[in-house]
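Undergrad: Sending over my_file_3.txt (compact mmCIF, C-alpha atoms and all ligand atoms).
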# COMPACT_ATOMS: atom_id res chain seq x y z
CA MET H 20 29.66 -57.22 88.77
CA PRO H 21 33.07 -55.75 89.66
CA PRO H 22 33.68 -52.03 88.93
CA ILE H 23 34.27 -51.36 85.22
CA PRO H 24 37.61 -49.61 84.59
CA GLU H 25 37.21 -46.33 82.73
CA SER H 26 39.28 -47.66 79.86
CA GLN H 27 36.75 -50.46 79.28
CA GLN H 28 33.52 -48.49 79.49
CA GLN H 29 33.27 -47.43 75.84
CA ALA H 30 33.89 -51.02 74.74
CA LEU H 31 31.10 -52.19 77.05
CA VAL H 32 28.67 -49.63 75.59
CA SER H 33 29.61 -50.69 72.06
CA ARG H 34 29.22 -54.39 72.86
CA LEU H 35 25.75 -53.85 74.32
CA MET H 36 24.81 -51.67 71.33
CA GLN H 37 25.79 -54.58 69.07
CA ALA H 38 23.85 -56.98 71.24
CA CYS H 39 20.73 -54.80 70.86
CA GLY H 40 20.71 -55.57 67.15
CA GLY H 41 18.01 -54.02 65.00
CA SER H 42 20.23 -51.42 63.41
CA TYR H 43 20.10 -50.44 59.76
CA SER H 44 23.07 -49.91 57.48
CA PRO H 45 24.18 -46.36 56.67
CA GLU H 46 22.99 -46.95 53.07
CA THR H 47 19.49 -47.82 54.27
CA ARG H 48 19.41 -44.88 56.68
CA ARG H 49 20.37 -42.50 53.87
CA LYS H 50 17.23 -43.44 51.90
CA TYR H 51 15.06 -41.53 54.38
CA PHE H 52 14.93 -37.74 54.44
CA ILE H 53 16.29 -37.53 57.98
CA SER H 54 18.41 -34.59 59.11
CA GLY H 55 20.73 -34.14 62.07
CA PRO H 56 20.88 -30.66 63.64
CA GLN H 57 24.27 -29.19 64.53
CA TRP H 58 22.75 -27.95 67.81
CA ALA H 59 21.48 -31.41 68.78
CA ALA H 60 24.78 -33.16 68.19
CA ALA H 61 26.78 -30.36 69.82
CA TYR H 62 24.43 -29.90 72.80
CA GLN H 63 26.64 -29.94 75.88
CA GLY H 64 23.93 -30.82 78.39
CA GLN H 65 23.65 -27.34 79.86
CA ALA H 66 20.44 -25.75 81.17
CA LEU H 67 19.34 -23.26 83.79
CA PHE H 68 20.26 -25.60 86.66
CA HIS H 69 22.70 -27.76 84.73
CA ALA H 70 26.37 -27.32 83.90
CA PRO H 71 27.55 -28.86 80.64
CA THR H 72 28.46 -32.56 80.77
CA ARG H 73 30.06 -32.78 77.32
CA PRO H 74 32.79 -30.81 75.54
CA PRO H 75 32.03 -28.37 72.69
CA LEU H 76 31.92 -29.79 69.17
CA GLY H 77 32.45 -28.09 65.82
CA PHE H 78 30.68 -28.73 62.52
CA GLU H 79 33.58 -30.79 61.11
CA SER H 80 33.15 -33.45 63.75
CA VAL H 81 29.32 -33.41 63.64
CA ILE H 82 29.17 -33.67 59.85
CA HIS H 83 31.77 -36.43 59.86
CA HIS H 84 29.81 -38.51 62.37
CA LEU H 85 26.48 -37.94 60.63
CA GLY H 86 28.05 -39.14 57.37
CA GLU H 87 29.38 -42.27 59.07
CA ILE H 88 26.06 -43.09 60.69
CA GLY H 89 24.21 -42.55 57.41
CA ILE H 90 22.24 -39.42 58.29
CA GLY H 91 22.24 -37.76 54.89
CA TRP H 92 21.22 -34.20 55.85
CA TRP H 93 22.51 -31.61 58.29
CA THR H 94 20.76 -28.52 59.69
CA THR H 95 22.11 -25.54 61.60
CA HIS H 96 21.47 -22.17 63.19
CA ASP H 97 23.58 -19.31 61.86
CA THR H 98 25.37 -18.91 65.21
CA ASP H 99 25.86 -22.65 65.77
CA VAL H 100 28.68 -22.34 63.27
CA ILE H 101 29.38 -18.61 62.75
CA PRO H 102 30.22 -16.46 65.79
CA THR H 103 27.73 -13.58 66.16
CA GLU H 104 30.42 -10.97 65.51
CA ALA H 105 31.47 -12.69 62.26
CA LEU H 106 27.98 -12.76 60.70
CA GLY H 107 27.94 -11.12 57.28
CA THR H 108 31.75 -10.67 57.20
CA ASP H 109 34.57 -12.26 55.22
CA ARG H 110 35.05 -14.62 58.14
CA GLN H 111 31.53 -15.92 57.52
CA ALA H 112 32.41 -16.61 53.88
CA GLU H 113 35.47 -18.61 54.98
CA ILE H 114 33.48 -20.65 57.49
CA VAL H 115 30.71 -21.34 54.98
CA ALA H 116 33.33 -22.50 52.44
CA GLY H 117 34.72 -24.84 55.13
CA ILE H 118 31.23 -26.23 55.77
CA ARG H 119 30.69 -26.86 52.06
CA GLN H 120 33.94 -28.78 51.99
CA ALA H 121 33.06 -30.84 55.08
CA LEU H 122 29.64 -31.69 53.61
CA ALA H 123 31.17 -32.76 50.29
CA ASP H 124 33.89 -34.82 52.02
CA ASN H 125 31.35 -36.72 54.09
CA GLY H 126 28.50 -37.18 51.60
CA VAL H 127 26.11 -35.05 53.67
CA GLN H 128 23.85 -32.25 52.38
CA CYS H 129 22.56 -29.16 54.15
CA SER H 130 18.75 -29.27 54.05
CA MET H 131 17.79 -26.43 56.41
CA VAL H 132 19.17 -23.29 58.00
CA THR H 133 17.66 -21.34 60.86
CA THR H 134 18.35 -18.02 62.56
CA GLU H 135 19.10 -17.85 66.25
CA THR H 136 16.80 -15.04 67.43
CA PHE H 137 16.57 -16.03 71.09
CA TYR H 138 19.98 -16.65 72.73
CA HIS H 139 21.98 -13.45 72.39
CA ALA H 140 21.25 -10.53 74.74
CA VAL H 141 20.19 -8.44 71.75
CA TRP H 142 16.96 -10.51 71.66
CA ALA H 143 16.04 -9.82 75.29
CA ALA H 144 12.89 -8.01 74.13
CA SER H 145 12.44 -10.39 71.17
CA PRO H 146 13.42 -10.01 67.50
CA ALA H 147 10.36 -7.75 67.16
CA ALA H 148 11.33 -5.36 69.97
CA GLU H 149 10.19 -1.75 70.19
CA ALA H 150 13.62 -0.38 69.25
CA PRO H 151 13.86 -0.03 65.45
CA GLU H 152 17.57 -0.96 65.50
CA VAL H 153 16.77 -4.36 66.98
CA ARG H 154 14.20 -4.97 64.26
CA GLU H 155 16.58 -3.87 61.53
CA TYR H 156 19.19 -6.17 63.01
CA ALA H 157 16.63 -9.03 63.01
CA LYS H 158 16.03 -8.39 59.30
CA PHE H 159 19.76 -8.48 58.66
CA ARG H 160 20.01 -11.78 60.53
CA VAL H 161 17.18 -13.58 58.72
CA CYS H 162 18.32 -12.23 55.32
CA ASN H 163 21.88 -13.31 56.05
CA THR H 164 20.59 -16.79 56.92
CA VAL H 165 18.79 -16.91 53.56
CA ASP H 166 22.13 -16.11 51.89
CA VAL H 167 23.92 -18.82 53.87
CA GLY H 168 21.12 -21.27 53.05
CA HIS H 169 21.50 -20.72 49.32
CA GLU H 170 25.27 -20.90 49.61
CA LEU H 171 24.99 -24.29 51.35
CA GLY H 172 22.32 -25.63 48.99
CA ALA H 173 19.52 -25.72 51.58
CA SER H 174 15.83 -25.89 50.65
CA PHE H 175 14.26 -24.91 53.98
CA ALA H 176 14.57 -22.03 56.46
CA VAL H 177 13.09 -22.42 59.95
CA TYR H 178 12.03 -19.69 62.37
CA TRP H 179 11.53 -20.43 66.04
CA PRO H 180 10.72 -17.00 67.54
CA GLY H 181 11.66 -18.06 71.07
CA THR H 182 11.50 -14.67 72.79
CA LEU H 183 8.41 -13.39 70.98
CA GLY H 184 6.44 -13.01 74.18
CA TYR H 185 6.84 -11.57 77.64
CA TYR H 186 7.49 -12.26 81.29
CA VAL H 187 5.48 -9.38 82.72
CA GLN H 188 2.09 -8.21 81.54
CA GLY H 189 1.19 -4.96 79.88
CA ALA H 190 4.68 -4.02 78.74
CA ILE H 191 4.19 -4.90 75.08
CA GLU H 192 1.31 -4.40 72.68
CA GLU H 193 0.77 -7.75 71.00
CA THR H 194 -0.57 -6.50 67.67
CA ASN H 195 2.44 -4.23 67.19
CA THR H 196 4.84 -7.01 68.04
CA LEU H 197 3.19 -9.38 65.58
CA ARG H 198 3.27 -6.75 62.81
CA TRP H 199 6.94 -6.16 63.47
CA TYR H 200 7.66 -9.86 63.49
CA ALA H 201 5.92 -10.18 60.11
CA ASP H 202 8.20 -7.40 58.79
CA ALA H 203 11.25 -9.58 59.43
CA LEU H 204 9.70 -12.60 57.71
CA ASN H 205 8.69 -10.43 54.77
CA ALA H 206 12.27 -9.19 54.49
CA ALA H 207 13.53 -12.80 54.46
CA CYS H 208 11.09 -13.79 51.71
CA GLU H 209 12.03 -10.73 49.62
CA ARG H 210 15.70 -11.48 50.03
CA ASP H 211 15.05 -15.10 49.12
CA ILE H 212 13.25 -14.15 45.89
CA GLU H 213 16.19 -11.93 44.96
CA VAL H 214 18.96 -14.44 45.76
CA ALA H 215 17.12 -17.43 44.31
CA GLY H 216 16.64 -15.44 41.10
CA GLN H 217 20.33 -14.55 40.93
CA ARG H 218 21.42 -18.12 41.54
CA GLY H 219 18.79 -19.83 39.43
CA ARG H 220 17.63 -21.82 42.46
CA PRO H 221 14.09 -22.33 43.76
CA THR H 222 13.15 -20.12 46.71
CA LEU H 223 13.41 -21.67 50.16
CA LYS H 224 10.43 -23.00 52.07
CA HIS H 225 10.07 -20.75 55.12
CA CYS H 226 8.81 -22.72 58.10
CA LEU H 227 7.47 -21.31 61.37
CA GLU H 228 7.99 -23.36 64.52
CA ALA H 229 5.84 -22.83 67.59
CA LYS H 230 6.62 -23.73 71.19
CA PRO H 231 3.87 -23.05 73.76
CA PHE H 232 6.04 -21.94 76.71
CA GLU H 233 9.72 -21.51 77.43
CA PRO H 234 11.75 -19.37 77.43
CA GLN H 235 9.18 -16.58 77.98
CA ALA H 236 6.20 -16.89 80.30
CA GLU H 237 3.71 -15.94 77.61
CA ILE H 238 4.27 -16.59 73.93
CA LEU H 239 2.47 -14.67 71.17
CA LEU H 240 2.43 -17.56 68.69
CA PRO H 241 2.33 -20.58 71.01
CA THR H 242 1.01 -23.34 68.74
CA SER H 243 1.12 -24.47 65.14
CA ASP H 244 -2.52 -23.38 64.85
CA ALA H 245 -1.60 -19.88 66.00
CA MET H 246 1.10 -19.90 63.33
CA LEU H 247 -1.46 -20.91 60.70
CA ALA H 248 -3.66 -17.99 61.70
CA PHE H 249 -0.63 -15.69 61.54
CA ILE H 250 0.25 -16.91 58.03
CA ALA H 251 -3.33 -16.22 56.93
CA SER H 252 -3.59 -12.89 58.80
CA GLY H 253 -2.72 -10.66 55.85
CA LEU H 254 0.48 -9.47 57.54
CA LEU H 255 2.73 -11.57 55.32
CA THR H 256 3.53 -10.33 51.84
CA HIS H 257 4.33 -13.86 50.60
CA PRO H 258 2.10 -16.23 52.60
CA ASP H 259 2.52 -18.88 49.91
CA MET H 260 6.24 -19.12 50.75
CA VAL H 261 5.58 -19.60 54.47
CA GLY H 262 4.44 -22.80 56.16
CA LEU H 263 5.09 -24.78 59.32
CA ASN H 264 7.82 -26.72 61.03
CA PRO H 265 5.76 -28.36 63.75
CA GLU H 266 7.70 -30.10 66.49
CA TYR H 267 6.14 -33.26 67.93
CA LEU H 268 6.97 -32.38 71.55
CA HIS H 269 5.97 -28.72 71.25
CA GLU H 270 2.43 -29.76 70.39
CA LEU H 271 2.39 -32.37 73.17
CA MET H 272 3.66 -29.77 75.65
CA TRP H 273 0.47 -27.73 75.51
CA GLY H 274 -1.67 -30.83 75.80
CA ALA H 275 -2.49 -31.33 72.14
CA ALA H 276 -2.69 -34.55 70.21
CA PRO H 277 0.32 -34.02 67.89
CA ARG H 278 -1.37 -36.11 65.21
CA ALA H 279 -4.37 -33.79 65.17
CA ALA H 280 -2.11 -30.73 64.97
CA LEU H 281 -0.33 -32.32 62.01
CA ALA H 282 -3.67 -33.12 60.39
CA ARG H 283 -4.66 -29.44 60.58
CA ALA H 284 -1.33 -28.45 59.01
CA LEU H 285 -1.81 -31.01 56.24
CA LEU H 286 -5.31 -29.73 55.47
CA ALA H 287 -3.93 -26.20 55.19
CA GLY H 288 -1.18 -27.42 52.83
CA LYS H 289 1.39 -26.07 55.28
CA LEU H 290 3.25 -29.10 56.58
CA PHE H 291 6.63 -28.12 55.14
CA HIS H 292 9.08 -29.61 57.66
CA PHE H 293 8.81 -31.69 60.86
CA ASP H 294 10.94 -31.74 64.02
CA ILE H 295 10.88 -35.24 65.46
CA ASN H 296 11.48 -36.07 69.10
CA ASP H 297 9.53 -37.15 72.17
CA GLY H 298 8.65 -36.09 75.71
CA TYR H 299 5.80 -35.54 78.11
CA ARG H 300 2.62 -33.45 78.24
CA LEU H 301 2.64 -30.16 80.12
CA LYS H 302 6.33 -30.33 81.03
CA HIS H 303 9.54 -28.76 79.78
CA ASP H 304 10.96 -29.03 76.30
CA VAL H 305 13.00 -32.09 77.22
CA ASP H 306 13.58 -33.08 73.57
CA ILE H 307 13.93 -36.82 74.15
CA GLY H 308 14.80 -39.08 71.21
CA VAL H 309 11.90 -40.01 68.92
CA GLY H 310 9.81 -42.97 70.09
CA LEU H 311 11.40 -43.37 73.53
CA VAL H 312 8.31 -42.12 75.38
CA ASN H 313 5.29 -42.44 73.10
CA PRO H 314 6.01 -45.12 70.48
CA LEU H 315 2.33 -45.94 69.92
CA ASP H 316 1.46 -42.31 69.31
CA TRP H 317 4.44 -42.04 66.99
CA LEU H 318 3.24 -45.05 65.02
CA ASN H 319 -0.10 -43.31 64.62
CA VAL H 320 1.52 -40.03 63.59
CA LEU H 321 3.51 -41.81 60.89
CA VAL H 322 0.41 -43.63 59.62
CA LEU H 323 -1.20 -40.23 59.08
CA LEU H 324 1.87 -38.74 57.38
CA ARG H 325 2.45 -41.76 55.16
CA SER H 326 -1.15 -41.88 54.08
CA HIS H 327 -0.95 -38.20 53.07
CA GLY H 328 2.30 -38.57 51.15
CA TYR H 329 4.50 -36.57 53.55
CA GLN H 330 7.99 -38.03 53.09
CA GLY H 331 10.12 -35.58 55.10
CA PRO H 332 12.20 -33.75 56.06
CA PHE H 333 12.30 -35.39 59.46
CA ASN H 334 14.62 -33.31 61.61
CA LEU H 335 16.05 -35.10 64.66
CA ASP H 336 15.48 -32.16 67.01
CA PHE H 337 16.26 -34.01 70.21
CA LYS H 338 18.83 -33.48 72.89
CA PRO H 339 21.02 -36.41 73.84
CA PRO H 340 20.50 -36.71 77.62
CA ARG H 341 23.09 -35.23 79.97
CA THR H 342 23.91 -38.76 81.09
CA THR H 343 25.10 -39.70 77.61
CA SER H 344 28.82 -39.16 77.02
CA GLN H 345 30.38 -37.54 73.97
CA PHE H 346 31.21 -41.02 72.70
CA GLY H 347 27.62 -42.10 73.39
CA VAL H 348 26.13 -39.24 71.32
CA PHE H 349 27.28 -40.85 68.09
CA GLU H 350 27.56 -44.45 69.29
CA VAL H 351 24.08 -44.68 70.83
CA SER H 352 21.99 -41.48 70.68
CA PHE H 353 21.89 -40.69 66.96
CA PRO H 354 21.94 -44.21 65.49
CA THR H 355 19.23 -45.46 67.84
CA ALA H 356 17.02 -42.43 67.14
CA VAL H 357 17.31 -42.96 63.39
CA ASP H 358 16.68 -46.66 63.68
CA ARG H 359 13.59 -46.28 65.87
CA PHE H 360 12.23 -43.78 63.37
CA ILE H 361 12.84 -46.08 60.40
CA THR H 362 11.22 -49.02 62.16
CA LEU H 363 8.17 -46.96 63.13
CA TRP H 364 7.94 -45.59 59.59
CA GLU H 365 8.01 -49.10 58.10
CA MET H 366 5.50 -50.30 60.70
CA ALA H 367 3.23 -47.45 59.65
CA GLY H 368 3.40 -48.93 56.15
CA GLU H 369 2.35 -52.27 57.66
CA VAL H 370 -0.61 -50.63 59.39
CA ILE H 371 -1.70 -49.02 56.12
CA ALA H 372 -1.54 -52.41 54.35
CA ASP H 373 -2.98 -54.45 57.24
CA PRO H 374 -6.05 -56.42 56.10
CA ILE H 375 -7.71 -56.26 59.51
CA VAL H 376 -7.29 -52.51 59.88
CA ASN H 377 -8.43 -52.03 56.30
CA GLU H 378 -11.51 -54.21 56.56
CA ALA H 379 -12.50 -52.68 59.88
CA THR H 380 -12.05 -49.17 58.51
CA ALA H 381 -13.98 -49.95 55.35
CA ALA H 382 -16.81 -51.50 57.40
CA LEU H 383 -17.01 -48.40 59.60
CA LYS H 384 -17.24 -46.21 56.52
CA ALA H 385 -19.86 -48.47 54.91
CA GLY H 386 -21.98 -48.21 58.05
CA GLY H 387 -25.10 -50.28 58.79
CA PRO H 388 -28.22 -50.56 56.64
CA PRO H 389 -29.92 -47.24 56.02
CA ALA H 390 -32.60 -46.52 58.60
CA ALA H 391 -36.15 -46.36 57.32
CA ALA H 392 -36.44 -42.79 58.52
CA ALA H 393 -33.36 -40.63 57.87
CA HIS H 394 -34.08 -38.47 60.91
CA ASP H 395 -34.71 -41.31 63.38
CA ALA H 396 -31.71 -40.99 65.73
CA ASP H 397 -32.47 -44.24 67.61
CA ALA H 398 -32.78 -46.27 64.40
CA ILE H 399 -29.50 -44.84 63.06
CA THR H 400 -27.81 -45.69 66.36
CA ARG H 401 -29.10 -49.29 66.23
CA ALA H 402 -28.03 -49.71 62.60
CA ASN H 403 -24.37 -48.92 63.50
CA ARG H 404 -24.26 -50.24 67.05
CA GLU H 405 -22.14 -53.36 66.57
CA LEU H 406 -19.77 -51.83 64.01
CA LEU H 407 -18.56 -49.21 66.48
CA THR H 408 -16.79 -51.93 68.51
CA LEU H 409 -14.27 -51.87 65.66
CA HIS H 410 -12.75 -48.64 67.04
CA GLU H 411 -11.36 -50.58 69.98
CA LEU H 412 -10.39 -53.50 67.78
CA ILE H 413 -8.37 -51.19 65.53
CA ALA H 414 -6.61 -49.71 68.55
CA HIS H 415 -5.73 -53.23 69.74
CA ARG H 416 -4.45 -54.10 66.29
CA LEU H 417 -2.12 -51.07 66.29
CA VAL H 418 -0.63 -52.18 69.61
CA GLN H 419 -0.26 -55.71 68.23
CA ILE H 420 1.66 -54.35 65.27
CA LEU H 421 3.79 -52.17 67.55
CA ILE H 422 4.86 -55.04 69.79
CA GLY H 423 4.98 -57.74 67.14
CA GLN H 424 1.98 -59.67 68.48
CA HIS H 425 0.43 -59.71 65.01
CA ARG H 426 3.35 -61.93 64.05
CA GLY H 427 2.69 -64.31 66.92
CA ARG H 428 4.88 -62.70 69.58
CA VAL H 429 3.28 -63.75 72.84
CA PHE H 430 4.53 -63.75 76.43
CA THR H 431 6.01 -67.13 77.25
CA GLY H 432 7.11 -66.48 80.81
C1 LIG H 501 15.70 -24.57 69.95
C2 LIG H 501 14.28 -24.99 69.93
C3 LIG H 501 14.08 -26.00 68.85
C4 LIG H 501 14.13 -25.33 67.51
C5 LIG H 501 15.48 -24.84 67.18
C6 LIG H 501 15.41 -24.09 65.88
S1 LIG H 501 16.19 -23.92 68.44
O1 LIG H 501 16.54 -25.65 70.26
O2 LIG H 501 13.92 -25.53 71.19
O3 LIG H 501 12.88 -26.67 68.98
O4 LIG H 501 13.77 -26.25 66.53
O5 LIG H 501 15.56 -22.74 66.06
MN MN H 502 12.38 -27.82 67.18
MN MN H 503 11.73 -28.92 71.59
Just give me the structure as structure tokens.

TA:
Amino acid sequence: MPPIPESQQQALVSRLMQACGGSYSPETRRKYFISGPQWAAAYQGQALFHAPTRPPLGFESVIHHLGEIGIGWWTTHDTDVIPTEALGTDRQAEIVAGIRQALADNGVQCSMVTTETFYHAVWAASPAAEAPEVREYAKFRVCNTVDVGHELGASFAVYWPGTLGYYVQGAIEETNTLRWYADALNAACERDIEVAGQRGRPTLKHCLEAKPFEPQAEILLPTSDAMLAFIASGLLTHPDMVGLNPEYLHELMWGAAPRAALARALLAGKLFHFDINDGYRLKHDVDIGVGLVNPLDWLNVLVLLRSHGYQGPFNLDFKPPRTTSQFGVFEVSFPTAVDRFITLWEMAGEVIADPIVNEATAALKAGGPPAAAAHDADAITRANRELLTLHELIAHRLVQILIGQHRGRVFTG
């Protein structure tokens, strides 16, 4: 192939996108509770060893593109859209009014707001630092985010306490830090009760998000399970208002089965919100688009969620790769992520309705004939021996559904 002139490269990408097929209409996409984060769309590709590869992007452009694609909800950190020095000022009110306008103009709603308590130098020793001024400032920040959330019509607030941990041992006392962190969350819940009352709105759902490592070496609340223990620890004054925002990759990062982590959250009644993406075990938070790495696991995750009535929010917390251009972020990255999610979600419905999966599952639950002696381990084993092969058959069936083999798709060479 001859070199492709720069002026023809976008057209080539668009033509191949069309050729891929399998995309849903914006109307169909809007039926799912899928949200697009400001920080994902505006991510410039920077990292510790990486310079940015894309230009900065404001909320007007992001909201406009999400509306066009058919992503009906938008999420943001306070400082993704409001400069740190403008927080809580008249300038904030102007910006928030501009966001409301952009949302209304593009048919997009704000579902979630979150406080950046990790990027600015003030958080070097975490939002629950020893210095009381830092902790008071953290309270101001989370309360201000609650205000912004109500102003924008959000229903969820997320907390990722990125720097709640340490690099070097012995410098902090963990129980103090956790108590201080709880103080900030308690302040946010109190503020929420007050503002929701004034505005006649329901209170927000406050969702804790764990990440096992990065940016600190050691993290005090590294997993969703640690967060559940924290919620139940007695440190929170409104534990009923606080639940989880698990992230698929963050559970995978520490070596967990994300589906099992979600199951534990469901049992606790704390699956409030879900960050969807993909990546690899025991590696960095690469935030790859949902289903690009582990589609079979994703299918299984969605079977669990669908069968427990969890319908969203599904927050596209991925980072378009550095190799993707600004044009590609909205031409390829976001639409393909949404469309893979929708397809996997609908396939999960197929799994739930599949006669083979259902009969196999029912047979496993029915078990073999009761053994003559209830405490005869060998007899019980024999009575169920052949049925247990169904585990592998079910796993095969899930792969068949994933790759379309259940509909006769075979390799023809
Ligand atoms: C950051 C983190 C994400 C969180 C965001 C919310 S910030 O990008 O890695 O997983 O969801 O604070
Ligand atoms: Mn996340
Ligand atoms: Mn992540």

Undergrad: Need the shell around H:Pro332: protein/DNA/RNA residues with any atom at most 6 Å away, counting only C-alpha atoms. Skip same-chain ones fewer than 2 positions apart. Format as a list in words?

TA: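 Skipping anything fewer than 2 positions along the chain leaves Phe52, Ile53 and His292 of chain H.
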
Undergrad: Considering only C-alpha atoms, state which residue in the set H:Gln424, H:Gln37, H:Gln57, H:Gln188 is at the smallest distance from H:Glu79.

TA: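 Closest residue, counting only C-alpha atoms: H:Gln57.
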
Undergrad: Which residues come within 8 Å of stretch 295-304 of chain H, counting only C-alpha atoms, excluding same-chain residues fewer than 4 positions away, as JSON, numbers by chain?

TA: {"H": [233, 266, 267, 268, 269, 271, 272, 273, 274, 308, 309, 310, 311, 312, 313, 333, 334, 335, 336, 337]}

Undergrad: Mind writing the picked residues with C-alpha atoms as a compact mmCIF listing (two decimals), keeping the file's coordinate frame?

TA:
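In the end it all went to selection-v4.txt:
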# COMPACT_ATOMS: atom_id res chain seq x y z
CA GLU H 233 9.72 -21.51 77.43
CA GLU H 266 7.70 -30.10 66.49
CA TYR H 267 6.14 -33.26 67.93
CA LEU H 268 6.97 -32.38 71.55
CA HIS H 269 5.97 -28.72 71.25
CA LEU H 271 2.39 -32.37 73.17
CA MET H 272 3.66 -29.77 75.65
CA TRP H 273 0.47 -27.73 75.51
CA GLY H 274 -1.67 -30.83 75.80
CA GLY H 308 14.80 -39.08 71.21
CA VAL H 309 11.90 -40.01 68.92
CA GLY H 310 9.81 -42.97 70.09
CA LEU H 311 11.40 -43.37 73.53
CA VAL H 312 8.31 -42.12 75.38
CA ASN H 313 5.29 -42.44 73.10
CA PHE H 333 12.30 -35.39 59.46
CA ASN H 334 14.62 -33.31 61.61
CA LEU H 335 16.05 -35.10 64.66
CA ASP H 336 15.48 -32.16 67.01
CA PHE H 337 16.26 -34.01 70.21

Undergrad: Atom CA of H:Thr182 and atom CA of H:Gly77, how far apart in Å?

TA: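 Interatomic distance, atom CA of H:Gly77 to atom CA of H:Thr182: 25.8 Å.
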
Undergrad: Quick check, in Å to one decimal: how far apart do atom CA of H:Val376 and atom CA of H:Pro265 lie?

TA: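 Interatomic distance here is 27.7 Å.
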
Undergrad: Quick one: of H:Phe293, H:Phe249, H:Trp142, H:Phe159, who's nearest to H:Gly107, counting only C-alpha atoms?

TA: H:Phe159

Undergrad: From the options H:Lys384, H:Arg404, H:His169, H:Lys338, which residue's atoms come nearest to ligand MN 503 (chain H), counting only C-alpha atoms and all ligand atoms?

TA: H:Lys338

Undergrad: Neighbours of H:Val167 within 12 Å (only C-alpha atoms; same-chain residues fewer than 5 positions away dropped), as a PyMOL selection string?

TA: chain H and resi 94-98+100-101+106-108+111-116+118-119+129-134+160-162+172-176+210-211+214-215+223

Undergrad: For the point (6.2, -25.2, 57.6) in the file's frame, write as a ChimeraX atom specification all residues with an atom no more than 7 Å away, counting all atoms listed in the file.

TA: /H:225-227,261-265,289-292

Undergrad: Do a neighbour search on H:Thr362 at 10 Å with all atoms listed in the file, toss out local chain neighbours closer than 2 positions, and write the hits as a ChimeraX atom specification.

TA: /H:41-43,318,357-360,364-368,421

Undergrad: May I ask which of the residues H:Met246, H:Ile375, H:Trp93, H:Ala147 is the closest one to H:Tyr185, counting only C-alpha atoms?

TA: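 Going through H:Met246, H:Ile375, H:Trp93, H:Ala147 one by one, the smallest distance to H:Tyr185 is for H:Ala147.
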
Undergrad: I'd like the interatomic distance between atom CA of H:Val305 and atom CA of H:Arg73, to a tenth of an Å.

TA: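 Computing it gives 17.1 Å between the two atoms.
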
Undergrad: Return the single residue from H:Ala59, H:Ala382, H:Ile413, H:Ala123 that is closest to ligand MN 503 (chain H), with distances computed using only C-alpha atoms and all ligand atoms.

TA: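 The answer is H:Ala59, which sits nearest to ligand MN 503 (chain H).
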
Undergrad: Out of H:Gly432, H:Gly64, H:Gly331, H:Pro24, which residue has the shortest atom-to-atom distance to H:Asp306 when counting all atoms listed in the file?

TA: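 Distance minimum relative to H:Asp306 lands on H:Gly64.
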
Undergrad: Hey, what's within 8 Å of stretch 194-197 of chain H if we count all atoms listed in the file and toss same-chain stuff fewer than 3 positions away? As a ChimeraX atom specification, please?

TA: /H:147-149,183,191,200-201,239
